[in-house]
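Below is the file target.txt, which contains compact mmCIF, C-alpha atoms and all ligand atoms.
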```
# COMPACT_ATOMS: atom_id res chain seq x y z
CA MET L 1 84.62 100.88 144.44
CA ARG L 2 86.86 103.17 146.42
CA TYR L 3 90.12 101.29 146.61
CA ILE L 4 89.87 98.71 143.84
CA PHE L 5 90.08 99.72 140.20
CA GLY L 6 90.13 97.96 136.89
CA PRO L 7 90.46 95.70 135.10
CA VAL L 8 93.22 97.74 133.52
CA PRO L 9 95.45 96.72 130.65
CA SER L 10 99.00 97.15 131.79
CA ARG L 11 102.11 97.23 129.69
CA ARG L 12 103.83 94.63 131.80
CA LEU L 13 101.17 92.67 133.57
CA GLY L 14 98.48 91.95 131.01
CA ILE L 15 95.07 92.44 132.61
CA SER L 16 95.23 93.43 136.22
CA LEU L 17 92.99 94.54 139.03
CA GLY L 18 94.49 97.54 140.81
CA VAL L 19 94.45 98.15 144.56
CA ASP L 20 95.00 101.59 146.05
CA LEU L 21 96.83 101.53 149.40
CA VAL L 22 97.28 105.24 150.08
CA PRO L 23 95.15 108.35 149.53
CA TYR L 24 95.78 110.55 146.51
CA LYS L 25 98.66 111.57 146.35
CA THR L 26 100.86 110.27 149.12
CA CYS L 27 104.42 109.52 148.14
CA THR L 28 108.07 109.74 149.18
CA PHE L 29 108.91 111.16 145.74
CA ASN L 30 107.57 113.90 143.52
CA CYS L 31 108.75 112.62 140.14
CA ILE L 32 108.82 115.01 137.23
CA TYR L 33 107.15 112.37 135.04
CA CYS L 34 104.38 111.39 137.47
CA GLN L 35 101.08 110.91 135.68
CA LEU L 36 99.19 111.62 138.92
CA GLU L 37 100.37 115.25 139.08
CA ARG L 38 102.49 116.71 141.88
CA THR L 39 102.75 115.01 145.27
CA THR L 40 100.54 116.73 147.83
CA ASN L 41 101.54 114.62 150.83
CA GLN L 42 105.28 113.95 150.57
CA THR L 43 106.21 111.83 153.54
CA LEU L 44 108.33 109.00 154.90
CA LYS L 45 105.78 108.18 157.56
CA ARG L 46 104.35 104.69 157.29
CA LYS L 47 100.88 104.20 158.72
CA GLU L 48 97.60 102.51 157.91
CA TYR L 49 96.50 105.30 155.56
CA ILE L 50 93.66 103.10 154.33
CA LYS L 51 92.47 100.34 156.64
CA ALA L 52 93.56 96.84 155.59
CA LYS L 53 90.17 95.42 156.50
CA ASP L 54 88.36 97.92 154.27
CA ILE L 55 90.62 97.15 151.30
CA LEU L 56 90.23 93.38 151.74
CA LYS L 57 86.47 93.65 152.16
CA GLU L 58 86.14 95.63 148.96
CA LEU L 59 88.43 93.28 147.04
CA LYS L 60 86.47 90.25 148.18
CA LYS L 61 83.27 91.83 146.89
CA GLU L 62 84.87 92.75 143.57
CA LEU L 63 86.29 89.27 143.01
CA ALA L 64 82.94 87.70 143.85
CA SER L 65 81.20 89.91 141.26
CA TRP L 66 83.60 88.72 138.57
CA GLN L 67 83.05 85.09 139.47
CA THR L 68 79.29 85.27 139.26
CA GLY L 69 78.90 87.84 136.54
CA LYS L 70 78.85 87.21 132.81
CA LEU L 71 82.47 88.33 132.60
CA ALA L 72 83.53 85.39 134.74
CA LYS L 73 85.76 84.04 132.04
CA GLN L 74 87.80 87.20 132.08
CA LYS L 75 90.89 86.16 133.93
CA PHE L 76 93.10 88.58 135.75
CA ASN L 77 96.82 88.06 135.32
CA TYR L 78 97.62 89.95 138.50
CA ILE L 79 96.21 91.83 141.46
CA THR L 80 98.44 94.88 141.49
CA LEU L 81 99.14 97.01 144.55
CA SER L 82 99.91 100.49 143.29
CA GLY L 83 97.46 103.36 142.99
CA SER L 84 97.61 106.93 144.18
CA GLY L 85 101.17 107.08 145.49
CA GLU L 86 103.74 104.81 147.13
CA PRO L 87 102.04 101.61 148.39
CA THR L 88 104.76 100.63 150.89
CA LEU L 89 103.82 103.74 152.90
CA ASN L 90 100.79 101.77 154.05
CA ALA L 91 102.14 100.08 157.17
CA LYS L 92 99.72 97.17 156.70
CA ILE L 93 100.85 96.22 153.21
CA GLY L 94 102.16 92.84 154.47
CA GLU L 95 98.82 92.05 156.09
CA ILE L 96 97.00 93.08 152.91
CA ILE L 97 99.16 90.80 150.73
CA SER L 98 98.56 87.87 153.13
CA GLY L 99 94.82 88.60 153.10
CA ILE L 100 94.72 88.57 149.28
CA LYS L 101 96.67 85.30 149.18
CA LYS L 102 94.04 83.71 151.43
CA MET L 103 91.26 84.97 149.17
CA THR L 104 92.47 84.04 145.67
CA SER L 105 95.16 82.27 143.68
CA ILE L 106 95.63 85.28 141.38
CA PRO L 107 99.29 86.36 141.69
CA VAL L 108 100.01 89.57 143.60
CA ALA L 109 102.33 92.22 142.14
CA VAL L 110 103.59 95.33 143.94
CA LEU L 111 104.62 98.47 142.05
CA THR L 112 106.92 100.51 144.28
CA ASN L 113 109.43 103.32 143.90
CA GLY L 114 111.75 101.23 146.10
CA SER L 115 112.59 104.19 148.33
CA LEU L 116 111.74 102.41 151.60
CA LEU L 117 113.34 99.03 150.91
CA TYR L 118 116.34 100.04 153.02
CA ARG L 119 114.05 99.35 156.00
CA ARG L 120 113.89 95.71 157.07
CA ALA L 121 110.20 95.99 158.02
CA VAL L 122 109.31 97.08 154.48
CA ARG L 123 111.36 94.28 152.88
CA ASP L 124 109.72 91.74 155.18
CA SER L 125 106.24 93.02 154.40
CA LEU L 126 106.67 92.27 150.68
CA LYS L 127 107.85 88.69 151.20
CA LYS L 128 104.56 87.06 150.21
CA ALA L 129 104.10 88.99 146.95
CA ASP L 130 104.72 87.03 143.74
CA LEU L 131 106.29 89.90 141.87
CA VAL L 132 107.81 93.19 142.94
CA ILE L 133 108.44 95.93 140.39
CA PRO L 134 110.62 98.60 141.97
CA SER L 135 111.86 101.58 140.00
CA LEU L 136 115.32 103.05 139.84
CA ASP L 137 115.71 105.98 137.48
CA ALA L 138 119.18 107.21 138.43
CA ALA L 139 122.27 106.08 140.27
CA THR L 140 123.81 109.50 140.93
CA ALA L 141 122.63 111.89 143.63
CA LYS L 142 122.30 114.81 141.21
CA THR L 143 120.09 113.05 138.67
CA PHE L 144 118.11 111.24 141.38
CA LYS L 145 117.18 114.64 142.86
CA LYS L 146 116.37 116.07 139.46
CA ILE L 147 114.07 113.30 138.30
CA ASN L 148 112.49 111.90 141.49
CA ARG L 149 112.59 115.04 143.69
CA PRO L 150 112.65 112.93 146.88
CA ILE L 151 112.29 113.99 150.49
CA LYS L 152 115.69 115.46 151.41
CA THR L 153 116.83 112.67 153.71
CA LEU L 154 116.44 109.96 151.05
CA LYS L 155 119.76 109.15 149.43
CA VAL L 156 120.09 107.11 146.26
CA GLU L 157 123.00 105.00 147.62
CA LYS L 158 120.79 103.94 150.51
CA ILE L 159 117.99 103.02 148.10
CA ILE L 160 120.34 100.94 145.92
CA LYS L 161 121.60 99.13 149.03
CA GLY L 162 117.97 98.43 150.00
CA LEU L 163 117.34 96.92 146.57
CA VAL L 164 120.48 94.76 146.85
CA ASP L 165 119.39 93.48 150.27
CA PHE L 166 115.85 92.88 149.08
CA LYS L 167 117.04 90.77 146.14
CA LYS L 168 119.08 88.61 148.52
CA GLU L 169 116.17 87.97 150.85
CA TYR L 170 113.16 87.82 148.54
CA GLN L 171 112.04 84.56 146.90
CA GLY L 172 109.74 86.04 144.21
CA LYS L 173 110.61 87.82 140.98
CA ILE L 174 111.99 91.36 140.78
CA TRP L 175 111.56 93.39 137.62
CA LEU L 176 113.41 96.67 137.89
CA GLU L 177 111.84 99.55 136.01
CA VAL L 178 113.87 102.47 134.69
CA MET L 179 111.92 105.51 133.54
CA LEU L 180 113.93 107.37 130.93
CA ILE L 181 113.44 111.07 130.34
CA LYS L 182 114.99 112.89 127.45
CA ARG L 183 118.03 114.99 128.45
CA VAL L 184 117.52 114.19 132.13
CA ASN L 185 118.80 110.65 132.71
CA ASP L 186 119.66 109.34 129.25
CA LYS L 187 123.32 110.42 129.02
CA LYS L 188 125.93 107.70 128.49
CA GLU L 189 127.74 108.44 131.80
CA GLU L 190 124.47 108.23 133.69
CA ILE L 191 123.54 104.93 132.07
CA GLU L 192 126.97 103.49 132.92
CA LYS L 193 126.45 104.31 136.61
CA LEU L 194 123.01 102.78 136.44
CA LYS L 195 124.49 99.68 134.85
CA LYS L 196 126.85 99.27 137.83
CA ALA L 197 123.97 99.57 140.28
CA ILE L 198 121.92 97.04 138.30
CA ALA L 199 124.85 94.60 138.35
CA GLU L 200 124.82 94.82 142.16
CA ILE L 201 121.05 94.48 142.48
CA LYS L 202 120.76 91.55 140.02
CA PRO L 203 117.03 91.90 139.20
CA ASP L 204 115.33 89.17 137.16
CA ARG L 205 114.44 91.71 134.47
CA VAL L 206 115.22 95.32 133.70
CA GLN L 207 112.40 97.15 131.95
CA LEU L 208 112.92 100.45 130.19
CA ASN L 209 110.01 102.80 130.07
CA THR L 210 109.45 106.38 128.97
CA VAL L 211 106.74 109.01 129.27
CA ALA L 212 103.52 107.67 127.73
CA ARG L 213 100.92 109.71 129.60
CA PRO L 214 100.91 113.46 130.31
CA PRO L 215 103.61 114.06 132.96
CA CYS L 216 103.21 116.49 135.85
CA GLU L 217 106.06 118.61 134.45
CA LYS L 218 105.94 119.55 130.78
CA PHE L 219 109.73 119.34 130.45
CA ALA L 220 109.64 115.59 131.18
CA ARG L 221 109.84 114.41 127.60
CA ALA L 222 109.74 110.93 126.16
CA LEU L 223 112.64 109.13 124.53
CA SER L 224 112.21 107.88 120.98
CA ASN L 225 112.13 104.15 120.26
CA ARG L 226 115.65 104.54 118.91
CA GLY L 227 116.80 106.20 122.12
CA LEU L 228 115.28 103.39 124.18
CA GLU L 229 116.95 100.76 122.00
CA ARG L 230 120.30 102.55 122.36
CA ILE L 231 120.05 102.41 126.14
CA LYS L 232 118.87 98.83 126.06
CA ASN L 233 122.05 97.94 124.18
CA LEU L 234 124.21 99.94 126.60
CA LEU L 235 122.70 98.13 129.59
CA GLY L 236 122.75 94.71 127.95
CA PRO L 237 120.68 91.67 129.08
CA PRO L 238 118.30 91.21 130.89
CA THR L 239 117.09 94.63 129.68
CA GLU L 240 113.95 95.01 127.61
CA VAL L 241 111.83 97.87 126.35
CA ILE L 242 108.31 97.23 127.55
CA ILE L 243 105.62 96.86 124.92
CA ASP L 244 102.72 99.25 124.73
CA PHE L 245 99.50 97.77 126.04
CA GLU L 246 97.76 99.38 123.10
CA ARG L 247 98.84 96.49 120.91
CA ARG L 248 96.81 94.03 122.93
CA ALA L 249 93.14 93.31 122.29
CA LEU L 250 90.86 94.89 124.86
CA PRO L 251 88.12 92.85 126.55
CA GLU L 252 84.52 94.04 126.20
CA LYS L 253 84.24 95.88 129.54
CA MET L 254 87.24 98.00 128.62
CA LYS L 255 85.90 98.87 125.17
CA ASP L 256 82.80 100.20 126.93
CA LEU L 257 84.90 102.43 129.14
CA LYS L 258 86.70 103.84 126.13
CA LYS L 259 83.33 104.63 124.56
CA GLY L 260 82.13 106.18 127.82
CA ILE L 261 85.10 108.56 127.91
CA ILE L 262 84.54 109.64 124.30
CA THR L 263 80.83 110.20 124.94
CA MET L 264 81.58 112.43 127.94
CA LEU L 265 84.28 114.37 126.11
CA LYS L 266 81.97 114.98 123.16
CA ARG L 267 79.70 116.91 125.51
CA ARG L 268 82.44 119.09 126.98
CA PRO L 269 86.17 119.05 127.83
CA ALA L 270 86.81 117.30 131.13
CA THR L 271 89.58 116.69 133.66
CA VAL L 272 90.67 113.23 134.80
CA LYS L 273 88.68 113.78 138.01
CA ASP L 274 85.52 114.80 136.07
CA LEU L 275 85.78 111.64 133.98
CA ALA L 276 86.49 109.36 136.95
CA ASP L 277 83.57 110.81 138.92
CA GLY L 278 81.25 110.79 135.92
CA LEU L 279 81.99 107.21 134.95
CA GLY L 280 82.25 105.93 138.51
CA VAL L 281 85.72 104.46 138.03
CA HIS L 282 89.13 105.04 139.57
CA ARG L 283 91.22 107.89 138.16
CA ASN L 284 94.13 105.53 137.38
CA GLU L 285 91.83 103.52 135.18
CA VAL L 286 90.73 106.65 133.33
CA LEU L 287 94.38 107.70 132.84
CA LYS L 288 95.22 104.48 131.03
CA TYR L 289 92.40 104.95 128.54
CA LEU L 290 93.18 108.61 128.01
CA ALA L 291 96.72 107.60 127.03
CA LEU L 292 95.30 105.08 124.60
CA LEU L 293 92.90 107.62 123.06
CA GLU L 294 95.66 110.22 122.80
CA LYS L 295 97.84 107.77 120.93
CA GLU L 296 94.99 106.97 118.60
CA LYS L 297 94.66 110.73 118.09
CA GLU L 298 91.01 110.75 119.12
CA ILE L 299 91.50 113.27 121.94
CA ARG L 300 93.92 116.00 122.92
CA LEU L 301 95.09 117.63 126.12
CA LEU L 302 94.76 121.34 126.81
CA SER L 303 95.54 123.58 129.79
CA TYR L 304 93.10 126.13 131.11
CA LYS L 305 93.64 128.21 134.28
CA GLY L 306 96.26 125.75 135.54
CA LYS L 307 94.03 122.70 135.05
CA ARG L 308 94.44 119.95 132.48
CA TYR L 309 91.43 119.14 130.32
CA TYR L 310 90.86 116.52 127.66
CA GLN L 311 88.88 117.24 124.55
CA VAL L 312 87.85 115.23 121.46
CA LYS L 313 89.74 116.23 118.32
S1 LIG S 401 107.06 107.38 142.78
FE1 LIG S 401 105.34 106.99 141.45
S2 LIG S 401 103.57 107.94 142.47
FE2 LIG S 401 105.41 108.73 143.47
S3 LIG S 401 105.79 110.65 142.41
FE3 LIG S 401 107.01 109.07 141.38
S4 LIG S 401 105.73 108.34 139.71
FE4 LIG S 401 104.40 109.46 141.12
```

Re-express the file's structure as structure tokens.
Amino acid sequence: MRYIFGPVPSRRLGISLGVDLVPYKTCTFNCIYCQLERTTNQTLKRKEYIKAKDILKELKKELASWQTGKLAKQKFNYITLSGSGEPTLNAKIGEIISGIKKMTSIPVAVLTNGSLLYRRAVRDSLKKADLVIPSLDAATAKTFKKINRPIKTLKVEKIIKGLVDFKKEYQGKIWLEVMLIKRVNDKKEEIEKLKKAIAEIKPDRVQLNTVARPPCEKFARALSNRGLERIKNLLGPPTEVIIDFERRALPEKMKDLKKGIITMLKRRPATVKDLADGLGVHRNEVLKYLALLEKEKEIRLLSYKGKRYYQVK
């Protein structure tokens, strides 16, 4: 599978099948907390980075294998468009969503940084999705630049306006995600500005998140549970702190993947790419399990010659 990955346990979406719409790592942002490392192709250019027909063909095959295989009872909660960067940069995202809707009744979710929603064409292309999860980490220009490191021409006011317009036009659900980084965007004044923006956007839910997997910049540090609760109270309803997926039971196929990672790491330390290549799975899938194993204190992260390796403890 080149563009489809999973099933992956997700904090918000239960069990989902991921779909990659852009090559690694194509994005409008270069967030300090990105788990995919620094953006190598930072762009605003929308194009068919990966052909819609190739993605749909691969998805069809994957869904068919789940229906006939012994894991048929395993139900996906969502098909999630996300992957190796910003999915709305794929100019055919609307066509891809329509194609998935024709193929299956599994709901479609889109994870986006929301940076292109100021464009009508992008808002229109997401119309058929069941759920859109945009992020908004700051409402001031200074903090927006610090945390998301966007392409220069992207302004946060324009992005907020795009989110407001999208909420007015879109019939599905919008869950706004706020990624909180210690001493970067967690100050009271910053949260108050964010609260104003959220009041304008009126999302169905606001979900607070913090760094759970190794970020691309070491200084992007997680907030404590107490810190998250404090901000939840400052923002008020409908804000929630999203639950760790680790608390859910993992289906059999996923337990096998966890074992596979441990077996490889017992032989020698490995990078995310080594593990993904070795196990024949997508690197996003590997990242989720590495986070889980780190939390369970079974593995640790180390740097060597600028590369990040995982090792069993
Ligand atoms: S928007 Fe998402 S993919 Fe892009 S840099 Fe930020 S965290 Fe990474």

Residues at most 6 Å from range 270-283 of chain L, counting only C-alpha atoms, excluding those fewer than 3 positions away in the same chain, as a PyMOL selection string? chain L and resi 5+286+308-310

Filtering to C-alpha atoms, could you give me those residues as a PDB file, in the frame of the given file?
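Wrote part-v4.pdb, looks like this:
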```pdb
ATOM      1  CA  PHE L   5      90.080  99.720 140.200  1.00  0.00           C
ATOM      2  CA  VAL L 286      90.730 106.650 133.330  1.00  0.00           C
ATOM      3  CA  ARG L 308      94.440 119.950 132.480  1.00  0.00           C
ATOM      4  CA  TYR L 309      91.430 119.140 130.320  1.00  0.00           C
ATOM      5  CA  TYR L 310      90.860 116.520 127.660  1.00  0.00           C
TER       6      TYR L 310
END
```

Any residue with an atom at most 8 Å from ligand LIG 401 (chain S) counts, using only C-alpha atoms and all ligand atoms. Which are they? Put them as a PDB file with C-alpha atoms, in the frame of the given file.
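File produced: out30.pdb:
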```pdb
ATOM      1  CA  LYS L  25      98.660 111.570 146.350  1.00  0.00           C
ATOM      2  CA  THR L  26     100.860 110.270 149.120  1.00  0.00           C
ATOM      3  CA  CYS L  27     104.420 109.520 148.140  1.00  0.00           C
ATOM      4  CA  THR L  28     108.070 109.740 149.180  1.00  0.00           C
ATOM      5  CA  PHE L  29     108.910 111.160 145.740  1.00  0.00           C
ATOM      6  CA  ASN L  30     107.570 113.900 143.520  1.00  0.00           C
ATOM      7  CA  CYS L  31     108.750 112.620 140.140  1.00  0.00           C
ATOM      8  CA  ILE L  32     108.820 115.010 137.230  1.00  0.00           C
ATOM      9  CA  TYR L  33     107.150 112.370 135.040  1.00  0.00           C
ATOM     10  CA  CYS L  34     104.380 111.390 137.470  1.00  0.00           C
ATOM     11  CA  GLN L  35     101.080 110.910 135.680  1.00  0.00           C
ATOM     12  CA  LEU L  36      99.190 111.620 138.920  1.00  0.00           C
ATOM     13  CA  GLU L  37     100.370 115.250 139.080  1.00  0.00           C
ATOM     14  CA  ARG L  38     102.490 116.710 141.880  1.00  0.00           C
ATOM     15  CA  THR L  39     102.750 115.010 145.270  1.00  0.00           C
ATOM     16  CA  GLY L  83      97.460 103.360 142.990  1.00  0.00           C
ATOM     17  CA  SER L  84      97.610 106.930 144.180  1.00  0.00           C
ATOM     18  CA  GLY L  85     101.170 107.080 145.490  1.00  0.00           C
ATOM     19  CA  GLU L  86     103.740 104.810 147.130  1.00  0.00           C
ATOM     20  CA  THR L 112     106.920 100.510 144.280  1.00  0.00           C
ATOM     21  CA  ASN L 113     109.430 103.320 143.900  1.00  0.00           C
ATOM     22  CA  ASN L 148     112.490 111.900 141.490  1.00  0.00           C
TER      23      ASN L 148
END
```

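Considering only C-alpha atoms, the residue among L:Gln311, L:Ser10, L:Leu293, L:Pro238 positioned nearest to Lys266 in chain L is L:Gln311.
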
Counting all atoms listed in the file, figure out which residue out of L:Gln207, L:Gly18, L:Glu200, L:Ile231 gets nearest to Lys187 in chain L. L:Ile231

Shell of 9 Å around Leu163 in chain L, all atoms listed in the file, local chain residues under 3 positions omitted, as a PyMOL selection string: chain L and resi 114-115+117-118+134+158-160+166-168+200-201+203

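Taking CA of Lys61 in chain L as the reference point, CA of Glu285 in chain L is found at 18.6 Å.
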
Would you mind telling me which residue in L:Asn233, L:Asn41, L:Ser16, L:Gln171 lies nearest to Ile106 in chain L when using only C-alpha atoms? L:Ser16

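When all atoms listed in the file are used to compute distances to Val164 in chain L, the closest of the residues L:Lys202, L:Arg226, L:Lys195, L:Lys152 turns out to be L:Lys202.
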
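Computed from the coordinates, the CA of Ala121 in chain L to CA of Ala139 in chain L distance equals 23.7 Å.
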
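Take the candidates L:Arg119, L:Lys288, L:Lys196, L:Lys92 and check each one against Ala138 in chain L using only C-alpha atoms; the shortest distance goes to L:Lys196.
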